[in-house]
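Q: This is the structure, below, for whatever I ask next.
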Amino acid sequence: MKQVGESVQRDEPLYEISTDKVDSEMPAPASGILVEILVAEGDTVAVGARLAVISEDGSVPEMPARVSAQVVAPSPEPVPSAVGTPSVTSPFVRRELAAAGLTAGEVVPTGPGGRIRRADVAAAASGTSSAPAPAPVPTGGVDWMPERLAAVAFVAQEARYDAVDRALASDVAAAAAAEGVVLDATVFALRAAVEALAEHPELNGWTSGGMLHLETSRNIGIDVEIDQGLVALVLHDAQDLTLRGLAKRMVELEDRAATLSLGVEDLMGATFSISRIPAEPVVLTIPALRSPQVAALSVGAVRRQPVVVNDGGVEVVAVGSVGILGLAYDSTVVSPSQAAAFLGRLADLLDRSDWTAQL
């Protein structure tokens, strides 16, 4: 939207990104003179590639070698930057910085690719330090190809939804529904997964260069079907949202997807993914594992069926609500016991949590 030699103001539209599922205007990251454009209109560019140069005084600074524009987007890597190093920030984060009276150089970013997160701004404002992204660790797998391919494995487990049913039948759930909050099995499983990931961080991250990068933020991708195909919407920092907050965020993202008003950030940065059932009769699906993520969860339909329960030391047959949880995982970095332990904890949270209180 600008030509070389023109002035640019920070946050004004500078260029547009177009994919098969989203068109989004991208804001200028800084003010100055546009001194160089590195890619042509219509090029396919890599995530993180340099597209242009904005200079405060109109001079062209010496830069490292350009990133090729005609490449497949590489895996994101969390690279904490030192204070004083320019970091990638969104307009939303810049508003947070302005409200806190801070500059980007005063904040230590911990997000993927050197991004400043909300937690980083809050930590800097309070004089504390947000938890840095864990250092990458060797995957333990054999790098038999330059770009290691995930060896996908799958495990499934039944989960009881009786506690979820009681919450959905409560007056507080009815009040939430009257406010437009959509509550279903997926929302409860999502909230339980966010909690379980805190205890099983090895499933919350991605692989790159033979290393496993763990992420402190739990950015959950949710599969949603629209006319243009399947999109994975991302609920960033899901650990900061309540059960009701997650439900509201999902509705907001789905509404934007239906009206084709998604932003690029709505589709990027997921550290773990969840797939919902495509139709009510489906009780089990194998979720697509989106490399470089290392795990993806599927939530099957919940059925009322006979179950064996312990009644005062005597086993009796009763009727309960049961659903099947499935986990696809990269077996080169996640062991079967780790995958099973995560599903076990997830099922325990669904069965034993006081969901009504959380509403």
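Simple scheme: letters A, B, ... for chains in structure tokens order, numbers from 1 for residues in each chain, numbers from 1 for ligands in the order shown.
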Using only C-alpha atoms, determine which residues lie at most 12 Å from A:Val334, disregarding the query and same-chain residues fewer than 6 positions distant; provide the list as a VMD selection string.

A: chain A and resid 138 to 141 150 to 155 200 to 207 212 293 to 296 327 to 328 340 to 342

Q: Those residues you just picked out, can you put them in a file as a compact mmCIF listing (two decimals), in the first residue's frame with N, CA and C atoms?

A:
```
# COMPACT_ATOMS: atom_id res chain seq x y z
N PRO A 138 16.68 -31.58 23.43
CA PRO A 138 16.76 -32.54 22.33
C PRO A 138 15.52 -33.41 22.28
N THR A 139 15.07 -33.73 21.07
CA THR A 139 13.85 -34.52 20.94
C THR A 139 14.08 -35.97 21.32
N GLY A 140 15.29 -36.45 21.20
CA GLY A 140 15.53 -37.85 21.50
C GLY A 140 15.28 -38.74 20.30
N GLY A 141 14.68 -38.21 19.26
CA GLY A 141 14.44 -38.98 18.05
C GLY A 141 15.66 -38.96 17.15
N ALA A 150 7.32 -36.23 11.71
CA ALA A 150 6.69 -36.74 12.92
C ALA A 150 6.22 -38.18 12.69
N ALA A 151 6.47 -39.05 13.67
CA ALA A 151 5.94 -40.40 13.66
C ALA A 151 4.70 -40.39 14.55
N VAL A 152 3.53 -40.30 13.91
CA VAL A 152 2.30 -40.06 14.65
C VAL A 152 1.79 -41.35 15.27
N ALA A 153 1.50 -41.30 16.56
CA ALA A 153 0.87 -42.41 17.28
C ALA A 153 -0.46 -41.91 17.84
N PHE A 154 -1.27 -42.84 18.32
CA PHE A 154 -2.61 -42.48 18.79
C PHE A 154 -2.99 -43.32 19.99
N VAL A 155 -3.66 -42.68 20.95
CA VAL A 155 -4.17 -43.38 22.12
C VAL A 155 -5.53 -42.78 22.47
N HIS A 200 1.45 -31.42 32.31
CA HIS A 200 2.13 -32.21 31.27
C HIS A 200 2.64 -31.26 30.19
N PRO A 201 3.60 -30.40 30.52
CA PRO A 201 4.07 -29.38 29.57
C PRO A 201 4.76 -29.96 28.35
N GLU A 202 5.16 -31.24 28.41
CA GLU A 202 5.84 -31.84 27.26
C GLU A 202 4.94 -31.95 26.04
N LEU A 203 3.63 -31.76 26.22
CA LEU A 203 2.70 -31.81 25.10
C LEU A 203 2.38 -30.43 24.56
N ASN A 204 2.88 -29.39 25.19
CA ASN A 204 2.53 -28.02 24.81
C ASN A 204 3.73 -27.34 24.18
N GLY A 205 3.93 -27.53 22.89
CA GLY A 205 5.08 -26.92 22.22
C GLY A 205 5.20 -27.42 20.80
N TRP A 206 6.40 -27.32 20.25
CA TRP A 206 6.64 -27.73 18.87
C TRP A 206 8.09 -28.15 18.71
N THR A 207 8.38 -28.78 17.58
CA THR A 207 9.73 -29.23 17.29
C THR A 207 10.32 -28.40 16.16
N LEU A 212 12.95 -29.87 20.88
CA LEU A 212 11.59 -29.67 21.35
C LEU A 212 11.53 -28.34 22.08
N GLN A 293 3.55 -28.95 15.86
CA GLN A 293 2.99 -29.29 17.17
C GLN A 293 3.25 -30.76 17.46
N VAL A 294 3.21 -31.12 18.73
CA VAL A 294 3.55 -32.49 19.11
C VAL A 294 2.34 -33.27 19.61
N ALA A 295 1.17 -32.63 19.78
CA ALA A 295 0.00 -33.36 20.27
C ALA A 295 -1.28 -32.66 19.84
N ALA A 296 -2.33 -33.46 19.63
CA ALA A 296 -3.65 -32.93 19.27
C ALA A 296 -4.70 -33.83 19.89
N LEU A 327 -5.98 -38.90 21.51
CA LEU A 327 -4.78 -38.06 21.45
C LEU A 327 -3.84 -38.57 20.38
N ALA A 328 -3.62 -37.76 19.35
CA ALA A 328 -2.56 -38.03 18.37
C ALA A 328 -1.31 -37.30 18.83
N ALA A 340 -0.65 -41.28 27.70
CA ALA A 340 -1.69 -41.91 28.50
C ALA A 340 -1.90 -41.15 29.81
N ALA A 341 -0.81 -40.67 30.41
CA ALA A 341 -0.93 -39.92 31.67
C ALA A 341 -1.71 -38.63 31.46
N PHE A 342 -1.47 -37.97 30.33
CA PHE A 342 -2.21 -36.73 30.04
C PHE A 342 -3.70 -37.03 29.89
```

Q: Name all residues at most 9 Å from stretch 348-350 of chain A (count only C-alpha atoms; drop same-chain ones fewer than 5 positions away) and give them as a ChimeraX atom specification.

A: /A:159-164,188-189,192-193,195-196,343,355

Q: Please dump the current selection as a PDB file, in the first residue's frame; keep C-alpha atoms.

A:
```
ATOM      1  CA  ALA A 159     -14.118 -40.162  30.161  1.00  0.00           C
ATOM      2  CA  ARG A 160     -17.144 -39.682  32.408  1.00  0.00           C
ATOM      3  CA  TYR A 161     -19.177 -36.499  31.861  1.00  0.00           C
ATOM      4  CA  ASP A 162     -21.634 -36.823  34.754  1.00  0.00           C
ATOM      5  CA  ALA A 163     -20.160 -33.762  36.515  1.00  0.00           C
ATOM      6  CA  VAL A 164     -20.418 -31.846  33.233  1.00  0.00           C
ATOM      7  CA  PHE A 188     -15.460 -28.347  29.274  1.00  0.00           C
ATOM      8  CA  ALA A 189     -12.869 -30.634  27.663  1.00  0.00           C
ATOM      9  CA  ALA A 192      -9.761 -29.445  31.428  1.00  0.00           C
ATOM     10  CA  ALA A 193      -7.069 -29.783  28.732  1.00  0.00           C
ATOM     11  CA  GLU A 195      -5.324 -27.433  33.212  1.00  0.00           C
ATOM     12  CA  ALA A 196      -3.873 -30.830  32.304  1.00  0.00           C
ATOM     13  CA  LEU A 343      -5.460 -38.387  28.931  1.00  0.00           C
ATOM     14  CA  TRP A 355     -17.874 -27.360  37.016  1.00  0.00           C
TER      15      TRP A 355
END
```

Q: May I have all residues of stretch 95-325 of chain A that DSSP, computed from the backbone, assigns to strand (DSSP E), given as a short mmCIF file (atom, residue, chain, number, x, y, z; two decimals) with N, CA and C atoms, in the first residue's frame?

A:
```cif
data_model
loop_
_atom_site.label_atom_id
_atom_site.label_comp_id
_atom_site.auth_asym_id
_atom_site.auth_seq_id
_atom_site.Cartn_x
_atom_site.Cartn_y
_atom_site.Cartn_z
N VAL A 137 14.89 -28.54 24.23
CA VAL A 137 15.59 -29.75 24.65
C VAL A 137 15.66 -30.70 23.48
N PRO A 138 16.68 -31.58 23.43
CA PRO A 138 16.76 -32.54 22.33
C PRO A 138 15.52 -33.41 22.28
N VAL A 152 3.53 -40.30 13.91
CA VAL A 152 2.30 -40.06 14.65
C VAL A 152 1.79 -41.35 15.27
N ALA A 153 1.50 -41.30 16.56
CA ALA A 153 0.87 -42.41 17.28
C ALA A 153 -0.46 -41.91 17.84
N PHE A 154 -1.27 -42.84 18.32
CA PHE A 154 -2.61 -42.48 18.79
C PHE A 154 -2.99 -43.32 19.99
N VAL A 155 -3.66 -42.68 20.95
CA VAL A 155 -4.17 -43.38 22.12
C VAL A 155 -5.53 -42.78 22.47
N ALA A 156 -6.43 -43.59 23.03
CA ALA A 156 -7.78 -43.10 23.36
C ALA A 156 -8.18 -43.62 24.73
N GLN A 157 -9.11 -42.89 25.35
CA GLN A 157 -9.59 -43.26 26.68
C GLN A 157 -11.01 -42.75 26.88
N GLU A 158 -11.82 -43.55 27.59
CA GLU A 158 -13.15 -43.10 27.94
C GLU A 158 -13.08 -42.09 29.08
N ALA A 159 -14.02 -41.16 29.09
CA ALA A 159 -14.12 -40.16 30.16
C ALA A 159 -15.57 -40.04 30.58
N ARG A 160 -15.79 -39.86 31.88
CA ARG A 160 -17.14 -39.68 32.41
C ARG A 160 -17.50 -38.20 32.41
N GLY A 205 3.93 -27.53 22.89
CA GLY A 205 5.08 -26.92 22.22
C GLY A 205 5.20 -27.42 20.80
N TRP A 206 6.40 -27.32 20.25
CA TRP A 206 6.64 -27.73 18.87
C TRP A 206 8.09 -28.15 18.71
N THR A 207 8.38 -28.78 17.58
CA THR A 207 9.73 -29.23 17.29
C THR A 207 10.32 -28.40 16.16
N SER A 208 11.62 -28.22 16.22
CA SER A 208 12.34 -27.50 15.17
C SER A 208 13.81 -27.84 15.28
N MET A 211 14.99 -30.21 17.95
CA MET A 211 14.81 -29.78 19.33
C MET A 211 13.33 -29.61 19.63
N LEU A 212 12.95 -29.87 20.88
CA LEU A 212 11.59 -29.67 21.35
C LEU A 212 11.53 -28.34 22.08
N HIS A 213 10.68 -27.44 21.59
CA HIS A 213 10.52 -26.12 22.20
C HIS A 213 9.21 -26.12 23.00
N LEU A 214 9.32 -25.95 24.30
CA LEU A 214 8.15 -25.92 25.17
C LEU A 214 7.69 -24.48 25.36
N ILE A 220 -4.42 -22.62 22.28
CA ILE A 220 -5.15 -23.80 21.83
C ILE A 220 -5.81 -23.55 20.49
N GLY A 221 -5.50 -24.41 19.52
CA GLY A 221 -6.14 -24.36 18.22
C GLY A 221 -7.41 -25.20 18.22
N ILE A 222 -8.52 -24.63 17.72
CA ILE A 222 -9.80 -25.33 17.65
C ILE A 222 -10.24 -25.43 16.19
N ASP A 223 -10.50 -26.65 15.72
CA ASP A 223 -10.94 -26.85 14.34
C ASP A 223 -12.37 -26.37 14.15
N VAL A 224 -12.59 -25.57 13.12
CA VAL A 224 -13.93 -25.08 12.78
C VAL A 224 -14.11 -25.18 11.27
N GLU A 225 -15.25 -25.70 10.84
CA GLU A 225 -15.54 -25.81 9.41
C GLU A 225 -16.30 -24.58 8.92
N ILE A 226 -15.81 -23.98 7.83
CA ILE A 226 -16.52 -22.89 7.16
C ILE A 226 -16.65 -23.28 5.69
N GLY A 229 -13.57 -24.24 3.87
CA GLY A 229 -12.81 -25.39 4.34
C GLY A 229 -12.64 -25.38 5.84
N LEU A 230 -11.70 -26.17 6.31
CA LEU A 230 -11.44 -26.30 7.74
C LEU A 230 -10.39 -25.28 8.16
N VAL A 231 -10.68 -24.54 9.23
CA VAL A 231 -9.70 -23.60 9.77
C VAL A 231 -9.44 -23.95 11.23
N ALA A 232 -8.23 -23.69 11.68
CA ALA A 232 -7.85 -23.92 13.07
C ALA A 232 -7.73 -22.57 13.75
N LEU A 233 -8.76 -22.18 14.48
CA LEU A 233 -8.76 -20.91 15.18
C LEU A 233 -7.97 -21.05 16.47
N VAL A 234 -7.24 -20.01 16.84
CA VAL A 234 -6.33 -20.10 17.98
C VAL A 234 -6.83 -19.24 19.13
N LEU A 235 -7.01 -19.86 20.29
CA LEU A 235 -7.35 -19.16 21.52
C LEU A 235 -6.04 -18.91 22.27
N PHE A 272 -1.06 -26.39 20.87
CA PHE A 272 -1.79 -27.64 21.10
C PHE A 272 -3.12 -27.48 20.39
N SER A 273 -3.67 -28.57 19.85
CA SER A 273 -4.90 -28.46 19.06
C SER A 273 -5.98 -29.41 19.57
N ILE A 274 -7.24 -29.02 19.33
CA ILE A 274 -8.39 -29.83 19.69
C ILE A 274 -9.32 -29.94 18.48
N SER A 275 -9.77 -31.16 18.20
CA SER A 275 -10.73 -31.40 17.12
C SER A 275 -12.05 -31.84 17.72
N ARG A 276 -13.13 -31.26 17.23
CA ARG A 276 -14.46 -31.64 17.68
C ARG A 276 -15.06 -32.69 16.73
N ALA A 295 1.17 -32.63 19.78
CA ALA A 295 0.00 -33.36 20.27
C ALA A 295 -1.28 -32.66 19.84
N ALA A 296 -2.33 -33.46 19.63
CA ALA A 296 -3.65 -32.93 19.27
C ALA A 296 -4.70 -33.83 19.89
N LEU A 297 -5.75 -33.22 20.42
CA LEU A 297 -6.80 -33.94 21.13
C LEU A 297 -8.08 -33.96 20.31
N SER A 298 -8.82 -35.06 20.37
CA SER A 298 -10.16 -35.12 19.78
C SER A 298 -11.17 -35.38 20.88
N VAL A 299 -12.33 -34.74 20.75
CA VAL A 299 -13.41 -34.87 21.73
C VAL A 299 -14.59 -35.52 21.04
N ARG A 303 -22.35 -39.97 25.26
CA ARG A 303 -23.50 -40.87 25.19
C ARG A 303 -23.93 -41.29 26.59
N ARG A 304 -25.24 -41.44 26.78
CA ARG A 304 -25.77 -42.05 28.00
C ARG A 304 -25.76 -43.55 27.79
N GLN A 305 -25.07 -44.28 28.68
CA GLN A 305 -24.92 -45.71 28.49
C GLN A 305 -24.72 -46.40 29.84
N PRO A 306 -24.88 -47.72 29.89
CA PRO A 306 -24.67 -48.45 31.15
C PRO A 306 -23.20 -48.36 31.58
N VAL A 307 -23.00 -48.13 32.87
CA VAL A 307 -21.67 -48.09 33.45
C VAL A 307 -21.69 -48.85 34.77
N VAL A 308 -20.54 -49.38 35.16
CA VAL A 308 -20.41 -50.08 36.43
C VAL A 308 -19.91 -49.10 37.47
N VAL A 309 -20.64 -48.96 38.58
CA VAL A 309 -20.25 -48.04 39.64
C VAL A 309 -20.17 -48.80 40.95
N ASN A 310 -19.44 -48.23 41.90
CA ASN A 310 -19.30 -48.82 43.22
C ASN A 310 -20.30 -48.17 44.16
N ASP A 311 -21.22 -48.94 44.66
CA ASP A 311 -22.26 -48.45 45.57
C ASP A 311 -22.07 -49.10 46.94
N VAL A 314 -20.28 -52.38 46.69
CA VAL A 314 -20.93 -53.34 45.80
C VAL A 314 -20.98 -52.76 44.39
N GLU A 315 -20.54 -53.53 43.41
CA GLU A 315 -20.59 -53.07 42.03
C GLU A 315 -21.99 -53.24 41.47
N VAL A 316 -22.54 -52.14 40.94
CA VAL A 316 -23.87 -52.18 40.36
C VAL A 316 -23.81 -51.50 39.00
N VAL A 317 -24.79 -51.78 38.17
CA VAL A 317 -24.88 -51.17 36.84
C VAL A 317 -25.81 -49.96 36.93
N ALA A 318 -25.31 -48.83 36.43
CA ALA A 318 -26.09 -47.59 36.42
C ALA A 318 -25.98 -46.97 35.04
N VAL A 319 -26.64 -45.85 34.85
CA VAL A 319 -26.56 -45.11 33.59
C VAL A 319 -25.69 -43.88 33.80
N GLY A 320 -24.70 -43.69 32.94
CA GLY A 320 -23.80 -42.55 33.05
C GLY A 320 -23.53 -41.94 31.69
N SER A 321 -22.93 -40.76 31.70
CA SER A 321 -22.55 -40.06 30.47
C SER A 321 -21.08 -40.34 30.18
N VAL A 322 -20.80 -40.87 29.01
CA VAL A 322 -19.45 -41.30 28.66
C VAL A 322 -19.08 -40.74 27.29
N GLY A 323 -17.86 -40.27 27.16
CA GLY A 323 -17.32 -39.81 25.88
C GLY A 323 -15.92 -40.33 25.72
N ILE A 324 -15.45 -40.40 24.49
CA ILE A 324 -14.10 -40.91 24.22
C ILE A 324 -13.19 -39.74 23.83
N LEU A 325 -12.06 -39.67 24.51
CA LEU A 325 -11.01 -38.70 24.21
C LEU A 325 -9.91 -39.39 23.42
#
```

Q: Using DSSP on the backbone coordinates, identify the residues of stretch 98-243 of chain A assigned to helix (DSSP H, G or I); present them as a PyMOL selection string.

A: chain A and resi 98-100+104-106+118-126+162-168+171-178+185-199+201-203+238-240+243

Q: Out of A:Thr259, A:Thr186, A:Ser291, A:Thr285, which residue has the shortest atom-to-atom distance to A:Ala247 when counting only C-alpha atoms?

A: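 Between A:Thr259, A:Thr186, A:Ser291, A:Thr285, the residue approaching A:Ala247 most closely is A:Thr186.
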